[in-house]
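**Q** Structure supplied as my_file-v2.cif; contents: mmCIF, C-alpha atoms.
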data_entry
loop_
_atom_site.label_atom_id
_atom_site.label_comp_id
_atom_site.auth_asym_id
_atom_site.auth_seq_id
_atom_site.Cartn_x
_atom_site.Cartn_y
_atom_site.Cartn_z
CA MET Q 1 52.88 75.97 47.07
CA ALA Q 2 55.23 73.77 49.11
CA ALA Q 3 57.14 75.38 51.97
CA PRO Q 4 60.40 76.88 50.69
CA VAL Q 5 63.48 74.85 51.59
CA TYR Q 6 66.27 77.18 52.54
CA PRO Q 7 69.89 76.12 52.82
CA ALA Q 8 70.94 75.00 56.30
CA TRP Q 9 73.00 78.07 57.07
CA VAL Q 10 70.01 80.31 56.44
CA THR Q 11 67.81 78.56 59.00
CA ARG Q 12 70.69 78.46 61.45
CA TRP Q 13 71.27 82.18 61.03
CA VAL Q 14 67.63 83.10 61.30
CA SER Q 15 67.02 81.01 64.42
CA GLY Q 16 69.70 83.00 66.24
CA ARG Q 17 71.06 79.95 68.04
CA TRP Q 18 74.40 80.15 66.22
CA ARG Q 19 74.99 83.60 67.58
CA GLN Q 20 74.20 82.32 71.04
CA LYS Q 21 77.14 79.95 70.60
CA LYS Q 22 74.88 76.90 70.48
CA ARG Q 23 77.03 75.15 67.91
CA PRO Q 24 77.28 71.45 67.23
CA PRO Q 25 80.36 69.83 68.80
CA VAL Q 26 83.38 69.42 66.55
CA ILE Q 27 84.55 65.83 66.41
CA ARG Q 28 88.27 65.62 65.87
CA PRO Q 29 90.28 62.41 65.51
CA MET Q 30 91.84 61.28 68.84
CA ARG Q 31 95.53 61.71 69.42
CA PRO Q 32 97.46 58.42 69.49
CA LEU Q 33 98.00 57.53 73.17
CA VAL Q 34 101.56 56.27 72.82
CA LEU Q 35 102.39 56.00 76.48
CA ALA Q 36 99.11 54.40 77.45
CA ASN Q 37 99.45 51.83 74.67
CA LYS Q 38 103.04 51.09 75.68
CA VAL Q 39 102.01 50.60 79.28
CA ALA Q 40 99.01 48.52 78.29
CA ASN Q 41 101.19 46.25 76.17
CA ARG Q 42 103.71 46.01 78.99
CA ARG Q 43 100.96 45.08 81.42
CA GLU Q 44 99.51 42.52 79.03
CA GLN Q 45 102.89 40.87 78.82
CA ALA Q 46 103.25 40.92 82.58
CA GLY Q 47 99.70 39.58 82.94
CA GLY Q 48 98.54 42.24 85.38
CA GLU Q 49 95.48 44.45 85.22
CA LEU Q 50 95.31 47.32 82.74
CA PRO Q 51 95.40 50.85 84.08
CA ALA Q 52 92.96 53.39 82.70
CA PRO Q 53 94.20 54.97 79.45
CA GLY Q 54 93.92 58.73 79.23
CA ARG Q 55 97.13 59.89 80.87
CA GLN Q 56 98.89 61.58 78.07
CA ARG Q 57 101.83 62.92 80.04
CA PRO Q 58 104.67 61.10 81.74
CA PRO Q 59 104.44 60.88 85.54
CA PRO Q 60 106.06 63.82 87.34
CA ARG Q 61 109.81 63.62 87.86
CA GLY Q 62 111.09 62.47 91.18
CA GLU Q 63 107.79 61.08 92.33
CA THR Q 64 107.92 57.66 90.71
CA ALA Q 65 108.41 54.68 92.95
CA GLY Q 66 108.99 51.07 91.94
CA ASP Q 67 108.01 50.38 88.39
CA GLY Q 68 107.45 53.71 86.76
CA GLY Q 69 104.75 55.02 89.05
CA TRP Q 70 102.20 52.34 88.34
CA GLY Q 71 103.27 50.17 91.23
CA GLY Q 72 100.89 48.80 93.83
CA GLY Q 73 97.54 47.17 93.32
CA GLY Q 74 94.40 49.23 93.38
CA ARG Q 75 94.68 52.81 92.27
CA ALA Q 76 97.47 54.45 90.30
CA SER Q 77 98.43 57.60 92.09
CA PRO Q 78 100.78 60.03 90.39
CA CYS Q 79 102.81 60.41 93.54
CA GLY Q 80 103.64 56.72 93.62
CA VAL Q 81 102.34 56.65 97.18
CA ASP Q 82 99.75 54.14 98.29
CA LEU Q 83 96.77 56.26 99.18
CA PRO Q 84 94.11 54.75 101.44
CA PRO Q 85 91.16 53.21 99.60
CA VAL Q 86 88.07 55.36 99.47
CA GLY Q 87 84.71 53.79 100.39
CA PRO Q 88 81.46 54.10 98.41
CA PRO Q 89 80.49 57.67 97.57
CA ALA Q 90 77.95 59.54 99.67
CA SER Q 91 74.28 58.96 99.05
CA SER Q 92 73.52 62.62 98.29
CA PRO Q 93 72.36 62.82 94.66
CA GLY Q 94 74.25 65.80 93.28
CA ALA Q 95 77.61 65.29 95.02
CA VAL Q 96 80.76 64.49 93.06
CA PRO Q 97 82.15 61.32 94.66
CA PRO Q 98 85.69 61.67 95.99
CA LEU Q 99 88.22 59.98 93.70
CA SER Q 100 91.79 58.80 94.02
CA CYS Q 101 93.38 61.33 96.33
CA GLY Q 102 89.86 62.11 97.48
CA PHE Q 103 89.77 65.79 96.65
CA THR Q 104 88.78 68.11 93.87
CA LEU Q 105 90.68 70.99 92.36
CA GLY Q 106 88.18 73.80 92.55
CA ARG Q 107 85.07 72.32 90.99
CA VAL Q 108 86.95 70.00 88.66
CA PRO Q 109 87.27 66.49 90.08
CA VAL Q 110 90.77 65.04 90.09
CA VAL Q 111 90.41 61.88 88.02
CA SER Q 112 92.61 58.86 88.60
CA GLY Q 113 93.89 59.07 85.07
CA LEU Q 114 94.53 62.76 85.77
CA GLY Q 115 93.65 63.95 82.34
CA ARG Q 116 92.59 67.35 83.59
CA VAL Q 117 95.09 68.46 86.23
CA PRO Q 118 98.40 69.99 85.12
CA ALA Q 119 101.50 68.22 86.41
CA ARG Q 120 102.74 70.84 88.87
CA LYS Q 121 99.32 70.98 90.57
CA ARG Q 122 99.24 67.22 90.89
CA LEU Q 123 102.53 67.36 92.78
CA VAL Q 124 101.25 70.05 95.12
CA LEU Q 125 97.98 68.29 95.84
CA CYS Q 126 99.59 64.93 96.53
CA ARG Q 127 102.21 66.51 98.75
CA ALA Q 128 99.42 68.09 100.74
CA ALA Q 129 97.78 64.69 101.18
CA GLU Q 130 101.07 63.10 102.23
CA GLY Q 131 101.72 65.77 104.82
CA LYS Q 132 98.91 64.62 107.11
CA GLY Q 133 98.67 61.35 109.00
CA LEU Q 134 96.23 58.52 108.42
CA SER Q 135 92.93 58.40 110.24
CA THR Q 136 92.60 55.84 113.01
CA CYS Q 137 89.83 53.53 114.22
CA ILE Q 138 88.03 53.38 110.88
CA THR Q 139 87.36 49.63 111.13
CA GLU Q 140 85.88 49.88 114.62
CA MET Q 141 83.74 52.78 113.51
CA SER Q 142 82.41 50.89 110.50
CA VAL Q 143 81.67 47.81 112.61
CA MET Q 144 79.76 49.97 115.06
CA MET Q 145 77.81 51.62 112.26
CA ALA Q 146 76.91 48.24 110.77
CA CYS Q 147 75.61 47.16 114.17
CA TRP Q 148 73.58 50.38 114.39
CA LYS Q 149 72.05 49.77 111.02
CA GLN Q 150 70.97 46.31 112.05
CA ASN Q 151 69.53 47.36 115.40
CA ASP Q 152 67.90 50.63 114.37
CA PHE Q 153 70.48 52.83 116.15
CA ASN Q 154 69.75 51.32 119.55
CA ASP Q 155 72.74 51.93 121.83
CA THR Q 156 72.02 49.18 124.35
CA ALA Q 157 72.06 46.53 121.63
CA CYS Q 158 75.45 47.69 120.32
CA ALA Q 159 77.11 48.25 123.68
CA GLU Q 160 80.02 45.89 122.92
CA GLU Q 161 80.96 47.54 119.61
CA ILE Q 162 80.69 50.97 121.18
CA ARG Q 163 83.01 49.90 123.99
CA VAL Q 164 85.56 48.56 121.47
CA PHE Q 165 85.36 51.84 119.53
CA TYR Q 166 85.94 53.90 122.66
CA ASP Q 167 88.95 51.76 123.59
CA CYS Q 168 90.43 52.23 120.14
CA VAL Q 169 89.90 55.98 120.31
CA ALA Q 170 91.53 56.21 123.73
CA LYS Q 171 94.52 54.18 122.53
CA ALA Q 172 94.94 56.32 119.39
CA GLU Q 173 94.76 59.47 121.49
CA LYS Q 174 97.45 58.22 123.85
CA GLU Q 175 99.67 57.18 120.95
CA ARG Q 176 99.34 60.57 119.36
CA LYS Q 177 100.23 62.31 122.59
CA ASP Q 178 103.31 60.11 123.00
CA GLN Q 179 104.33 60.72 119.42
CA ASN Q 180 104.08 64.46 119.89
CA GLU Q 181 106.13 64.25 123.07
CA GLU Q 182 109.13 62.32 121.77
CA ASP Q 183 111.99 64.00 119.94
CA THR Q 184 112.58 61.46 117.16
CA LEU Q 185 112.17 61.82 113.42
CA SER Q 186 108.69 61.27 112.04
CA PRO Q 187 108.17 58.34 109.61
CA ARG Q 188 108.94 60.67 106.73
CA GLY Q 189 112.30 61.64 108.23
CA ASN Q 190 111.75 65.20 109.39
CA LEU Q 191 111.02 67.01 112.63
CA THR Q 192 108.26 69.47 113.33
CA SER Q 193 109.18 73.08 112.67
CA SER Q 194 108.97 74.10 116.34
CA LYS Q 195 111.48 71.40 117.33
CA VAL Q 196 113.83 72.42 114.53
CA ASN Q 197 113.64 76.05 115.61
CA LYS Q 198 114.44 75.17 119.21
CA LEU Q 199 117.40 73.02 118.18
CA LEU Q 200 118.79 75.70 115.90
CA ARG Q 201 118.48 78.26 118.67
CA ARG Q 202 120.55 76.08 120.97
CA PHE Q 203 123.14 75.17 118.34
CA PRO Q 204 123.22 78.01 115.85
CA GLN Q 205 124.99 77.82 112.55
CA ILE Q 206 128.20 79.84 112.59
CA THR Q 207 128.24 81.89 109.40
CA ARG Q 208 131.04 84.28 110.30
CA TYR Q 209 134.34 82.89 111.39
CA PRO Q 210 136.75 85.20 113.27
CA LEU Q 211 139.51 86.67 111.10
CA THR Q 212 142.35 84.97 113.04
CA LEU Q 213 140.87 81.57 112.29
CA ILE Q 214 140.56 82.35 108.60
CA HIS Q 215 144.17 83.49 108.38
CA ARG Q 216 145.36 80.39 110.16
CA LYS Q 217 143.35 78.22 107.70
CA GLU Q 218 144.92 79.97 104.73
CA GLN Q 219 148.38 79.23 106.06
CA MET Z 220 97.12 116.84 107.79
CA ALA Z 221 94.21 114.68 106.75
CA ALA Z 222 92.95 111.98 109.12
CA PRO Z 223 95.12 108.84 109.07
CA SER Z 224 93.94 106.21 106.63
CA ALA Z 225 91.91 103.30 107.87
CA ALA Z 226 94.49 100.82 106.61
CA GLY Z 227 97.27 102.51 108.57
CA LEU Z 228 95.15 102.49 111.75
CA ALA Z 229 94.28 98.85 111.28
CA ARG Z 230 97.95 97.98 110.83
CA ARG Z 231 98.93 99.84 113.94
CA LEU Z 232 96.12 98.24 115.94
CA ARG Z 233 97.16 94.80 114.80
CA ALA Z 234 100.74 95.47 115.82
CA TRP Z 235 99.59 96.61 119.25
CA LEU Z 236 97.30 93.61 119.83
CA PRO Z 237 99.25 90.38 120.20
CA ARG Z 238 98.57 87.79 117.53
CA LEU Z 239 97.51 85.00 119.81
CA THR Z 240 96.27 85.46 123.36
CA GLN Z 241 95.40 82.53 125.53
CA VAL Z 242 91.84 82.81 126.68
CA ARG Z 243 91.98 80.47 129.68
CA TRP Z 244 95.32 80.55 131.43
CA SER Z 245 96.42 80.56 135.05
CA ARG Z 246 98.96 82.67 136.89
CA TYR Z 247 99.92 79.74 139.12
CA ASN Z 248 103.41 78.32 139.00
CA PRO Z 249 103.28 74.84 137.44
CA SER Z 250 104.50 73.35 140.74
CA PHE Z 251 101.17 74.16 142.43
CA LEU Z 252 98.96 71.12 143.05
CA GLU Z 253 95.19 70.84 142.75
CA PRO Z 254 93.26 70.87 146.06
CA GLU Z 255 91.76 67.56 147.20
CA VAL Z 256 88.16 68.15 148.27
CA ASN Z 257 87.18 64.58 149.07
CA LYS Z 258 86.92 64.35 152.86
CA GLU Z 259 86.86 60.58 152.94
CA LEU Z 260 90.42 60.38 151.70
CA TYR Z 261 91.65 62.27 154.73
CA GLN Z 262 89.58 60.24 157.17
CA LYS Z 263 91.31 56.98 156.19
CA PRO Z 264 93.99 55.88 158.69
CA TRP Z 265 97.59 55.91 157.48
CA GLU Z 266 97.96 52.11 157.34
CA GLU Z 267 95.06 51.58 154.93
CA LEU Z 268 96.42 53.84 152.22
CA SER Z 269 98.05 52.35 149.12
CA GLU Z 270 101.65 53.19 148.17
CA GLU Z 271 100.83 55.84 145.63
CA GLU Z 272 98.31 57.52 147.90
CA LYS Z 273 100.93 57.72 150.63
CA GLU Z 274 103.36 59.26 148.17
CA LYS Z 275 100.79 61.80 147.06
CA LEU Z 276 100.03 62.81 150.65
CA GLU Z 277 103.73 63.24 151.38
CA LEU Z 278 104.12 65.38 148.27
CA LYS Z 279 101.25 67.56 149.38
CA ALA Z 280 103.04 68.32 152.63
CA VAL Z 281 105.88 70.07 150.74
CA GLN Z 282 104.37 71.42 147.52
CA PRO Z 283 102.16 74.51 147.47
CA ILE Z 284 98.45 73.99 146.69
CA LYS Z 285 96.14 76.15 144.60
CA ALA Z 286 93.13 77.85 146.17
CA ALA Z 287 89.89 75.87 145.83
CA PRO Z 288 87.43 77.54 143.42
CA PRO Z 289 84.00 78.43 144.86
CA THR Z 290 82.22 75.91 142.62
CA VAL Z 291 84.06 72.97 144.19
CA SER Z 292 82.66 71.87 147.54
CA SER Z 293 83.22 68.95 149.90
CA SER Z 294 79.56 68.63 150.84
CA VAL Z 295 77.83 65.29 150.20
CA PHE Z 296 75.09 67.08 148.29
CA SER Z 297 77.34 68.71 145.72
CA ASP Z 298 77.64 67.05 142.31
CA PRO Z 299 79.98 68.44 139.64
CA MET Z 300 77.66 67.40 136.81
CA ILE Z 301 74.68 69.13 138.38
CA SER Z 302 76.76 72.24 139.05
CA LYS Z 303 77.83 72.29 135.41
CA PHE Z 304 74.23 71.92 134.27
CA THR Z 305 73.09 74.71 136.60
CA ASN Z 306 75.77 76.99 135.23
CA MET Z 307 74.66 76.28 131.70
CA MET Z 308 71.07 77.06 132.60
CA MET Z 309 72.07 80.31 134.26
CA LYS Z 310 71.25 83.56 132.46
CA ASP Z 311 72.96 86.88 133.10
CA GLY Z 312 74.73 85.52 136.15
CA ASN Z 313 71.54 84.82 138.08
CA LYS Z 314 72.88 81.78 139.91
CA VAL Z 315 70.19 81.98 142.60
CA LEU Z 316 67.44 81.52 140.05
CA ALA Z 317 69.30 78.76 138.19
CA ARG Z 318 69.93 76.83 141.41
CA SER Z 319 66.32 77.13 142.53
CA LEU Z 320 65.14 75.90 139.12
CA MET Z 321 67.47 72.92 139.38
CA ALA Z 322 66.20 72.10 142.87
CA GLN Z 323 62.59 72.36 141.71
CA THR Z 324 63.38 70.09 138.74
CA LEU Z 325 64.84 67.40 140.99
CA GLU Z 326 61.87 67.71 143.31
CA ALA Z 327 59.44 67.39 140.39
CA ILE Z 328 61.23 64.24 139.18
CA LYS Z 329 61.03 62.75 142.66
CA ARG Z 330 57.34 63.54 142.99
CA LYS Z 331 56.49 61.99 139.63
CA GLN Z 332 58.46 58.86 140.37
CA LEU Z 333 56.91 58.51 143.83
CA GLU Z 334 53.45 58.81 142.34
CA LYS Z 335 54.29 56.05 139.88
CA TYR Z 336 55.79 53.98 142.67
CA HIS Z 337 52.73 54.12 144.88
CA LYS Z 338 50.38 53.34 142.03
CA ALA Z 339 52.38 50.41 140.73
CA PRO Z 340 51.65 46.79 141.74
CA GLU Z 341 53.98 45.09 144.21
CA ASP Z 342 56.16 43.21 141.72
CA GLU Z 343 56.91 46.31 139.63
CA LYS Z 344 57.80 48.54 142.58
CA GLU Z 345 61.45 47.57 142.53
CA THR Z 346 61.99 48.51 138.90
CA ILE Z 347 60.92 52.13 139.44
CA GLU Z 348 63.89 54.40 140.10
CA CYS Z 349 63.10 57.14 142.61
CA ASN Z 350 66.49 58.79 143.10
CA PRO Z 351 66.43 62.00 140.99
CA TYR Z 352 70.24 62.15 140.84
CA VAL Z 353 70.44 58.66 139.37
CA ILE Z 354 67.76 59.59 136.84
CA PHE Z 355 69.61 62.79 135.93
CA HIS Z 356 72.92 61.03 135.35
CA GLN Z 357 71.42 58.18 133.39
CA ALA Z 358 69.37 60.55 131.23
CA LEU Z 359 72.46 62.61 130.42
CA LYS Z 360 74.40 59.49 129.59
CA ASN Z 361 71.64 58.35 127.23
CA CYS Z 362 71.67 61.74 125.50
CA GLN Z 363 75.40 61.79 124.79
CA PRO Z 364 76.27 61.29 121.10
CA ILE Z 365 78.96 58.72 120.29
CA ILE Z 366 80.41 60.24 117.13
CA GLY Z 367 80.06 63.76 115.83
CA LEU Z 368 80.49 65.46 112.47
CA SER Z 369 83.26 67.88 111.69
CA SER Z 370 83.49 70.14 108.63
CA ILE Z 371 86.70 69.47 106.74
CA THR Z 372 87.58 71.45 103.62
CA LYS Z 373 89.53 69.57 101.00
CA GLY Z 374 90.22 70.88 97.55
CA GLY Z 375 87.69 73.66 97.80
CA LYS Z 376 84.78 71.53 98.98
CA THR Z 377 83.59 71.14 102.57
CA TYR Z 378 82.67 67.67 103.72
CA GLN Z 379 80.95 66.55 106.94
CA VAL Z 380 83.33 63.94 108.29
CA PRO Z 381 82.39 61.53 111.13
CA VAL Z 382 84.78 62.06 113.98
CA PRO Z 383 85.07 60.58 117.51
CA LEU Z 384 84.23 63.15 120.19
CA LYS Z 385 85.98 63.87 123.44
CA ASP Z 386 84.19 63.18 126.74
CA ASN Z 387 83.84 66.84 127.60
CA ARG Z 388 82.35 67.58 124.21
CA LYS Z 389 79.82 64.76 124.56
CA ARG Z 390 78.69 65.97 127.98
CA PHE Z 391 78.46 69.52 126.73
CA LEU Z 392 76.37 68.53 123.71
CA ALA Z 393 73.98 66.46 125.82
CA MET Z 394 73.43 69.31 128.28
CA LYS Z 395 73.14 71.88 125.52
CA TRP Z 396 70.52 69.89 123.65
CA LEU Z 397 68.52 69.36 126.82
CA ILE Z 398 68.48 73.04 127.71
CA THR Z 399 67.71 74.30 124.20
CA GLU Z 400 64.91 71.77 123.85
CA CYS Z 401 63.34 72.86 127.11
CA ARG Z 402 63.65 76.53 126.31
CA GLU Z 403 62.24 76.45 122.81
CA ASN Z 404 59.61 73.72 122.64
CA LYS Z 405 57.32 74.43 125.51
CA ASN Z 406 54.05 76.20 126.22
CA ARG Z 407 54.28 79.77 127.27
CA ARG Z 408 52.57 78.91 130.57
CA MET Z 409 54.65 75.83 131.35
CA LEU Z 410 57.48 76.43 133.78
CA MET Z 411 61.04 75.28 133.22
CA PRO Z 412 61.26 72.73 136.09
CA GLU Z 413 58.18 70.91 134.86
CA LYS Z 414 59.38 70.76 131.27
CA LEU Z 415 62.89 69.76 132.31
CA SER Z 416 61.64 66.97 134.53
CA GLN Z 417 59.48 65.72 131.67
CA GLU Z 418 62.44 65.68 129.26
CA LEU Z 419 64.75 64.03 131.78
CA LEU Z 420 62.29 61.24 132.46
CA GLN Z 421 61.81 60.69 128.74
CA ALA Z 422 65.57 60.59 128.17
CA PHE Z 423 65.91 58.16 131.07
CA ASN Z 424 63.57 55.80 129.19
CA ASN Z 425 65.46 56.32 125.90
CA GLU Z 426 62.65 58.17 124.17
CA GLY Z 427 61.82 61.79 123.50
CA PRO Z 428 63.08 64.56 121.19
CA ILE Z 429 66.65 64.71 122.47
CA ILE Z 430 67.27 61.01 121.93
CA LYS Z 431 65.79 61.51 118.48
CA LYS Z 432 68.25 64.33 117.82
CA LYS Z 433 71.10 62.07 118.86
CA HIS Z 434 69.86 59.38 116.49
CA VAL Z 435 69.66 61.89 113.66
CA LEU Z 436 73.29 62.82 114.26
CA HIS Z 437 74.29 59.17 114.26
CA LYS Z 438 72.38 58.59 111.02
CA MET Z 439 74.14 61.49 109.34
CA ALA Z 440 77.50 60.19 110.50
CA GLU Z 441 76.61 56.77 109.16
CA ALA Z 442 75.60 58.26 105.80
CA ASN Z 443 78.90 60.11 105.55
CA ARG Z 444 81.09 57.22 106.60
CA ALA Z 445 82.80 57.25 103.19
CA TYR Z 446 84.51 60.51 104.13
CA ALA Z 447 85.96 59.10 107.33
CA HIS Z 448 89.40 58.92 105.69
CA PHE Z 449 89.59 62.71 105.45
CA ARG Z 450 90.39 62.86 109.12
CA TRP Z 451 94.06 63.18 109.92
CA TRP Z 452 94.02 62.88 113.70
#
In structure tokens, write the structure found in this file.

**A**
Amino acid sequence: MAAPVYPAWVTRWVSGRWRQKKRPPVIRPMRPLVLANKVANRREQAGGELPAPGRQRPPPRGETAGDGGWGGGGRASPCGVDLPPVGPPASSPGAVPPLSCGFTLGRVPVVSGLGRVPARKRLVLCRAAEGKGLSTCITEMSVMMACWKQNDFNDTACAEEIRVFYDCVAKAEKERKDQNEEDTLSPRGNLTSSKVNKLLRRFPQITRYPLTLIHRKEQ
Amino acid sequence: MAAPSAAGLARRLRAWLPRLTQVRWSRYNPSFLEPEVNKELYQKPWEELSEEEKEKLELKAVQPIKAAPPTVSSSVFSDPMISKFTNMMMKDGNKVLARSLMAQTLEAIKRKQLEKYHKAPEDEKETIECNPYVIFHQALKNCQPIIGLSSITKGGKTYQVPVPLKDNRKRFLAMKWLITECRENKNRRMLMPEKLSQELLQAFNNEGPIIKKKHVLHKMAEANRAYAHFRWW
């Protein structure tokens, strides 16, 4: 006799894989990406490049700069800030390459389109990136490394590049020391907390006025 | 009643210990100047000094000066780099042993170079360097790494970021590598001066395990150059 043909659910049940949650993926129709389509159409009219669709939420309030947060060539960052371009990812096989802001939220990579990160976390992460300064002497370092690659890491052959790199590093160090010394506002318009504390200690805020003064004001 | 809880004790201990203590600090008033050990500066006549040197000398006449530490000496034979290296080699405060080892190392280098010198033909004799101090300094310079790696955590992941090193850090790394190499990779019967002199001569000629270690560090920095933007200083 031929092998009995059981209905599909019977074989599924018997194999035990259903109970182990090995179920086939459910394919649902995609939500209409209204914002992405609007932006894409806008960009097509303008003639610029299309940003990646997939952002289904409006950019966070108060962080947009220029034209609705998509300004600037290169990468669209939710903070509207031009983040430095990231080079090619590391050669290690299993590593997640750093993307737009260059960091991951836990083990979930932060994608440019930011489909996975909730809005309030995006704000926090980008603020953290803004808070620190930019790294210096990257070009000199890359030139030196290119020279190393060509000359098999021989220092005598690359002496000129190494000297240039050292000069750049010394200059950056001096600049940083001068910047820390002076009492002016940083490029973002605030002082360091220690300076603010010292100033407030010298010129404290008067919260309690003497009674005589108050009476005189009321008159 | 019952013994005080561990948490309460810990809290009290933390309150008693200050949060941040400076490890290396000095009791000197900031107006104290560093002592000048170089005898030649004092032997120059007054007319030959430049303007700023004259000013400095005049300042020294009025400002108080710190006491000279015992490691600093005005002898012609003292070398700050060699003193630093001897201190790093020292174990359990046995400076006598460390100094004798250093002296034996320099002597061994000199002997080896002299042997090479006398065996070499006439035209090559000038290229052979016999001064052990010159060899020591050049070998250390060849061993110094140019960029280092620093672990930076960003978004939960730690990356090895290439970072320029300070001069002190470079010198320290070179000396540390030299000493660890000599301590670990040698025969049980071989003595430290012999092994050290061997390594120094190899480093002087830009070969040997320490130079290789430096190259490995450079290669890793080069592989991780994409993360260079994670630095914020």

**Q** Compute the set of chain Z residues within 10 Å of chain Q, using only C-alpha atoms, and express it as number ranges by chain.

**A** Z: 361, 365-366, 372-376, 381-385, 425, 433-435, 437-438, 440-452

**Q** How many Å separate CA of Pro283 (chain Z) from CA of Leu252 (chain Z)?

**A** 6.4 Å

**Q** Using the chain letters and numbering of this document, enumerate as a PyMOL selection string the residues selected by the PyMOL selection byres ((chain Z and resi 408-412) around 9).

**A** chain Z and resi 320-327+401-402+405-407+413-417

**Q** Which polymer residues have any atom within 12 Å of an atom of Ala287 (chain Z), counting only C-alpha atoms, with same-chain residues fewer than 6 positions away left out, as a PyMOL selection string?

**A** chain Z and resi 251-256+293

**Q** What's the separation between CA of Met307 (chain Z) and CA of Trp244 (chain Z), in Å to one decimal place?

**A** 21.1 Å

**Q** Kindly compute an axis-aligned box around the listed atoms of region 350-359 of chain Z, allowing 6 Å on each side, and express its centre and edge lengths in Å to one decimal as lines of an AutoDock Vina configuration file.

**A**
center_x = 69.7
center_y = 60.5
center_z = 136.8
size_x = 18.5
size_y = 16.6
size_z = 24.7

**Q** Of the residues Z:Ala286, Z:Cys362, Z:Ile371, Z:Leu392, which is the one nearest to Glu418 (chain Z), using all atoms listed in the file?

**A**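 Among the listed residues, the smallest separation from Glu418 (chain Z) belongs to Z:Cys362.
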
**Q** Need the shell around Cys349 (chain Z): protein/DNA/RNA residues with any atom at most 12 Å away, counting only C-alpha atoms. Skip same-chain ones fewer than 5 positions apart. Format as JSON, numbers by chain?

**A** {"Z": [325, 326, 327, 328, 329, 330, 331, 332, 333, 334, 335, 336, 337, 344, 354, 355, 420, 423]}
